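K.L.:
Submitted below is the structure of interest, expressed as structure tokens.
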Amino acid sequence: MKVLVIMGSPRKGNTYHATERIREIIQETVPVEWEYVMLKDAHLEDCRGCYQCFERGEEYCSLKDDSSLLEQKMKEADGVVFATPVYGFQVSYLMKLFIDRHGYVFHRPRFFRQKALLLTTAGAVGSDDVLKYLNLVARIWGFEVAARVGIRTHATFGPLPPYVIQENEKKLQKAADAFLAALQTGTRSRPGLFDVLAFHIGRAPSGELGDLAPADHQYWTDQGWLEKKRRYYVDVPVNPLYHAIGVLVEWFMRRRIRRDLKAVS
Ligand SMILES: Cc1cc2nc3c(=O)[nH]c(=O)nc-3n(C[C@H](O)[C@H](O)[C@H](O)COP(=O)(O)O)c2cc1C
């Protein structure tokens, strides 16, 4: 079993130590190959916003850095931990750069086999928003999010009270258990409403834009996702109500895209 950690802290501090605790708990039960990608040491160039990856494909990106290597590492892993401190109520700049350098994955999702654990540390506030954001990213990219955990960490003015240390330990234990259970199951669980909507909302432009978004259109066609009978990216049971809502939302989106295209033609 292989776990990759995408570490968004620029130091081996609170977030690293919390991730290490998760590793210890999991490795008490099973042997796990555990690899850290310290984003501060990775070579990631700033996204230039040229849209080549969206329109033509990620292979047309002019930047030569570690972004495809990191994608490959995530593909080879069974589980990915996205770990970041809260910086100004958001993910750290390193994590945001990592996400932007893989922006094309929002259009062409690919991590359906992998489970994710989302981890944040914060001195006081912001964990919930950051976890919400990471959850959105990971799920649109295709991950099954098995656990989310936000812990309170040492502020600069002194040690943590013992009850916070205990609370943190409980939270990390719970998250590690859920992550391990998902890793051991191996199978994909049923998609929630959010996941089904992500599929239909992604399918509307990929289906309607055709040559205007060739990379997306080709990718969605190759995966068989544009076939009408398709209910989700992968073959898992989909709640019929979620499916119906997804179909309706897709219908509205397609209608709006067609109307917009007509208005500018
Ligand atoms: C630039 C910066 C911005 C921060 N912003 C927040 C914040 O918005 N909310 C918060 O609760 N803590 C904030 N913190 C505190 C860190 O989230 C917290 O100390 C975290 O555990 C640091 O993780 P690390 O030791 O892995 O770097 C900030 C820290 C830094 C350096």
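Here, A, B, ... name the chains of the structure tokens in the order displayed, residue numbers run from 1 inside each chain, and ligands are numbered from 1 in the same displayed order.
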Once you count only C-alpha atoms and all ligand atoms, which residues end up within 8 Å of ligand 1, and could you hand them over as a PyMOL selection string?
P.N.:
chain A and resi 8-17+84-90+92+120-127+152-156
K.L.:
List the spatial neighbours of Leu248 in chain A as a PyMOL selection string - criterion: any atom at most 12 Å away, only C-alpha atoms, same-chain residues fewer than 6 positions off excluded.
P.N.:
chain A and resi 196-197+200-201+204+241-242+254-255
K.L.:
Could you give me, as a Markdown table, every range 234-256 of chain A residue with an atom at most 8 Å from range 173-191 of chain A, plus its closest atom pair and distance in Å to one decimal, counting only C-alpha atoms, rows ordered by chain then number?
P.N.:
```
| residue | atom | partner | partner_atom | distance |
| --- | --- | --- | --- | --- |
| A:Val236 | CA | A:Arg190 | CA | 6.2 |
| A:Pro237 | CA | A:Arg190 | CA | 6.1 |
| A:Val238 | CA | A:Arg190 | CA | 6.3 |
| A:Asn239 | CA | A:Arg190 | CA | 7.9 |
```
K.L.:
Taking 2 positions as the minimum chain separation for residues in the same chain, which residues sit within 12 Å of Lys96 in chain A when counting only C-alpha atoms? Answer as a list in words.
P.N.:
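Close residues of Lys96 in chain A: Ile6, Met7, Gly8, Ser9, Leu39, Leu44, Asp46, Cys47, Phe82, Ala83, Thr84, Pro85, Val86, Tyr87, Gln90, Val91, Ser92, Tyr93, Leu94, Phe98, Ile99, Asp100, Arg101, His102, Gly103, Val130, Tyr133, Leu134 and Val137 of chain A.
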K.L.:
Please write the residues from the selection above to a file, keeping N, CA and C atoms, as an mmCIF file, in the first residue's frame.
P.N.:
```cif
data_model
loop_
_atom_site.group_PDB
_atom_site.id
_atom_site.type_symbol
_atom_site.label_atom_id
_atom_site.label_comp_id
_atom_site.auth_asym_id
_atom_site.auth_seq_id
_atom_site.Cartn_x
_atom_site.Cartn_y
_atom_site.Cartn_z
ATOM 1 N N ILE A 6 1.167 15.292 -0.017
ATOM 2 C CA ILE A 6 1.472 16.576 -0.648
ATOM 3 C C ILE A 6 1.511 17.587 0.496
ATOM 4 N N MET A 7 2.727 18.003 0.857
ATOM 5 C CA MET A 7 2.908 18.837 2.048
ATOM 6 C C MET A 7 2.991 20.324 1.683
ATOM 7 N N GLY A 8 1.964 21.061 2.099
ATOM 8 C CA GLY A 8 1.882 22.469 1.743
ATOM 9 C C GLY A 8 2.537 23.421 2.728
ATOM 10 N N SER A 9 3.133 22.881 3.793
ATOM 11 C CA SER A 9 3.843 23.781 4.719
ATOM 12 C C SER A 9 5.283 23.949 4.238
ATOM 13 N N LEU A 39 6.391 20.419 -0.913
ATOM 14 C CA LEU A 39 6.209 21.322 -2.067
ATOM 15 C C LEU A 39 7.271 22.422 -2.109
ATOM 16 N N LEU A 44 8.114 23.919 -8.991
ATOM 17 C CA LEU A 44 6.845 24.273 -9.632
ATOM 18 C C LEU A 44 6.902 25.734 -10.052
ATOM 19 N N ASP A 46 5.364 29.263 -11.673
ATOM 20 C CA ASP A 46 4.061 29.943 -11.571
ATOM 21 C C ASP A 46 3.254 29.714 -12.840
ATOM 22 N N CYS A 47 1.978 29.367 -12.676
ATOM 23 C CA CYS A 47 1.100 29.211 -13.840
ATOM 24 C C CYS A 47 1.026 30.551 -14.569
ATOM 25 N N PHE A 82 -3.477 15.399 1.468
ATOM 26 C CA PHE A 82 -3.270 16.806 1.132
ATOM 27 C C PHE A 82 -3.173 17.547 2.463
ATOM 28 N N ALA A 83 -1.999 18.031 2.775
ATOM 29 C CA ALA A 83 -1.767 18.627 4.097
ATOM 30 C C ALA A 83 -1.311 20.072 3.944
ATOM 31 N N THR A 84 -1.991 20.964 4.637
ATOM 32 C CA THR A 84 -1.602 22.380 4.533
ATOM 33 C C THR A 84 -1.906 23.129 5.831
ATOM 34 N N PRO A 85 -1.034 24.061 6.196
ATOM 35 C CA PRO A 85 -1.424 24.975 7.268
ATOM 36 C C PRO A 85 -2.420 25.983 6.715
ATOM 37 N N VAL A 86 -3.223 26.569 7.590
ATOM 38 C CA VAL A 86 -4.112 27.651 7.157
ATOM 39 C C VAL A 86 -3.289 28.924 7.105
ATOM 40 N N TYR A 87 -3.279 29.546 5.949
ATOM 41 C CA TYR A 87 -2.584 30.824 5.757
ATOM 42 C C TYR A 87 -3.621 31.847 5.322
ATOM 43 N N GLN A 90 -6.885 30.497 4.166
ATOM 44 C CA GLN A 90 -6.897 29.670 2.955
ATOM 45 C C GLN A 90 -5.782 28.633 3.033
ATOM 46 N N VAL A 91 -5.668 27.829 1.960
ATOM 47 C CA VAL A 91 -4.519 26.916 1.878
ATOM 48 C C VAL A 91 -3.252 27.765 1.769
ATOM 49 N N SER A 92 -2.108 27.155 2.014
ATOM 50 C CA SER A 92 -0.846 27.899 1.877
ATOM 51 C C SER A 92 -0.599 28.218 0.408
ATOM 52 N N TYR A 93 0.287 29.179 0.174
ATOM 53 C CA TYR A 93 0.627 29.534 -1.217
ATOM 54 C C TYR A 93 1.204 28.336 -1.962
ATOM 55 N N LEU A 94 1.949 27.485 -1.262
ATOM 56 C CA LEU A 94 2.545 26.319 -1.928
ATOM 57 C C LEU A 94 1.456 25.360 -2.411
ATOM 58 N N PHE A 98 0.426 24.380 -6.281
ATOM 59 C CA PHE A 98 0.310 22.976 -6.688
ATOM 60 C C PHE A 98 -1.041 22.735 -7.370
ATOM 61 N N ILE A 99 -2.105 23.284 -6.796
ATOM 62 C CA ILE A 99 -3.449 23.082 -7.368
ATOM 63 C C ILE A 99 -3.538 23.765 -8.737
ATOM 64 N N ASP A 100 -3.046 24.981 -8.836
ATOM 65 C CA ASP A 100 -3.133 25.702 -10.116
ATOM 66 C C ASP A 100 -2.301 25.031 -11.214
ATOM 67 N N ARG A 101 -1.170 24.445 -10.831
ATOM 68 C CA ARG A 101 -0.342 23.773 -11.842
ATOM 69 C C ARG A 101 -1.010 22.484 -12.339
ATOM 70 N N HIS A 102 -2.035 22.029 -11.612
ATOM 71 C CA HIS A 102 -2.795 20.853 -12.070
ATOM 72 C C HIS A 102 -4.232 21.247 -12.387
ATOM 73 N N GLY A 103 -4.407 22.500 -12.812
ATOM 74 C CA GLY A 103 -5.757 23.031 -13.049
ATOM 75 C C GLY A 103 -6.533 22.252 -14.102
ATOM 76 N N VAL A 130 -10.853 25.869 4.757
ATOM 77 C CA VAL A 130 -9.774 25.231 3.987
ATOM 78 C C VAL A 130 -10.131 23.772 3.675
ATOM 79 N N TYR A 133 -12.591 23.729 0.894
ATOM 80 C CA TYR A 133 -11.943 23.998 -0.391
ATOM 81 C C TYR A 133 -11.166 22.766 -0.885
ATOM 82 N N LEU A 134 -10.390 22.149 0.015
ATOM 83 C CA LEU A 134 -9.620 20.969 -0.389
ATOM 84 C C LEU A 134 -10.546 19.823 -0.794
ATOM 85 N N VAL A 137 -11.681 20.464 -4.323
ATOM 86 C CA VAL A 137 -10.610 20.176 -5.286
ATOM 87 C C VAL A 137 -10.450 18.655 -5.452
#
```
K.L.:
Within 6 Å of range 143-149 of chain A, counting only C-alpha atoms, which residues show up once you throw out same-chain ones fewer than 2 positions away? Write them as a PyMOL selection string, please.
P.N.:
chain A and resi 111-112+114-119+138-139+141+175+178-179
K.L.:
Between CA of Gly57 in chain A and CA of Lys132 in chain A, what is the spacing in Å?
P.N.:
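Distance between the two atoms: 27.9 Å.
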K.L.:
Need the shell around His107 in chain A: protein/DNA/RNA residues with any atom at most 12 Å away, counting only C-alpha atoms. Skip same-chain ones fewer than 4 positions apart. Format as a ChimeraX atom specification?
P.N.:
/A:51,53-58,102-103,137,140-142,198-206,213-220
K.L.:
Output C-alpha atoms for every residue in the selection just made, as a short mmCIF file (atom, residue, chain, number, x, y, z; two decimals), in the first residue's frame.
P.N.:
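As written to disk, out_33.cif reads:
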```cif
data_model
loop_
_atom_site.label_atom_id
_atom_site.label_comp_id
_atom_site.auth_asym_id
_atom_site.auth_seq_id
_atom_site.Cartn_x
_atom_site.Cartn_y
_atom_site.Cartn_z
CA TYR A 51 -4.93 28.18 -21.19
CA CYS A 53 -3.45 22.93 -20.86
CA PHE A 54 -7.18 23.54 -20.79
CA GLU A 55 -7.61 23.95 -24.53
CA ARG A 56 -4.99 21.74 -26.16
CA GLY A 57 -3.79 19.48 -23.36
CA GLU A 58 -1.36 19.56 -20.46
CA HIS A 102 -2.79 20.85 -12.07
CA GLY A 103 -5.76 23.03 -13.05
CA VAL A 137 -10.61 20.18 -5.29
CA ILE A 140 -13.58 17.18 -8.61
CA TRP A 141 -10.19 15.65 -9.42
CA GLY A 142 -11.82 12.25 -8.83
CA ALA A 198 -19.61 17.35 -10.74
CA PHE A 199 -19.89 14.66 -13.42
CA HIS A 200 -22.93 16.24 -15.11
CA ILE A 201 -21.65 19.80 -14.74
CA GLY A 202 -18.35 18.74 -16.35
CA ARG A 203 -20.13 16.83 -19.11
CA ALA A 204 -22.22 19.80 -20.31
CA PRO A 205 -19.30 21.92 -21.66
CA SER A 206 -17.28 18.89 -22.73
CA ALA A 213 -12.45 22.79 -26.15
CA PRO A 214 -10.74 19.98 -28.09
CA ALA A 215 -8.68 18.47 -25.26
CA ASP A 216 -11.68 18.15 -22.95
CA HIS A 217 -13.93 16.86 -25.70
CA GLN A 218 -11.42 14.23 -26.79
CA TYR A 219 -10.72 13.12 -23.21
CA TRP A 220 -14.39 12.81 -22.29
#
```
K.L.:
Check range 5-39 of chain A with DSSP on the backbone and list each residue it calls helix (DSSP H, G or I), as a list in words.
P.N.:
Asn14, Thr15, Tyr16, His17, Ala18, Thr19, Glu20, Arg21, Ile22, Arg23, Glu24, Ile25, Ile26, Gln27, Glu28 and Thr29 of chain A
K.L.:
What does the file look like for those residues with C-alpha atoms, as a compact mmCIF listing (two decimals), in the first residue's frame?
P.N.:
```txt
# COMPACT_ATOMS: atom_id res chain seq x y z
CA ASN A 14 2.89 21.42 12.95
CA THR A 15 1.40 20.11 9.73
CA TYR A 16 4.30 17.73 9.17
CA HIS A 17 4.11 16.44 12.74
CA ALA A 18 0.34 15.91 12.47
CA THR A 19 0.90 13.97 9.25
CA GLU A 20 3.60 11.93 10.94
CA ARG A 21 1.12 11.04 13.69
CA ILE A 22 -1.32 9.80 11.01
CA ARG A 23 1.50 7.73 9.51
CA GLU A 24 2.41 6.21 12.90
CA ILE A 25 -1.20 5.27 13.64
CA ILE A 26 -1.64 3.62 10.24
CA GLN A 27 1.71 1.86 10.33
CA GLU A 28 0.84 0.38 13.75
CA THR A 29 -1.73 -1.69 11.83
```
K.L.:
Could you give me, as an NGL selection string, each residue of range 91-193 of chain A that DSSP assigns to strand (DSSP E) when run on this structure's backbone?
P.N.:
:A and (115-122 or 144-152)
K.L.:
Just the number, please: distance in Å from CA of Tyr60 in chain A to CA of Leu212 in chain A, one decimal.
P.N.:
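According to the coordinates, CA of Tyr60 in chain A and CA of Leu212 in chain A are separated by 16.2 Å.
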K.L.:
For a test of reading the model, state the distance in Å between CA of Asn135 in chain A and CA of Leu160 in chain A, rounded to one decimal.
P.N.:
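Distance between the two atoms: 27.4 Å.
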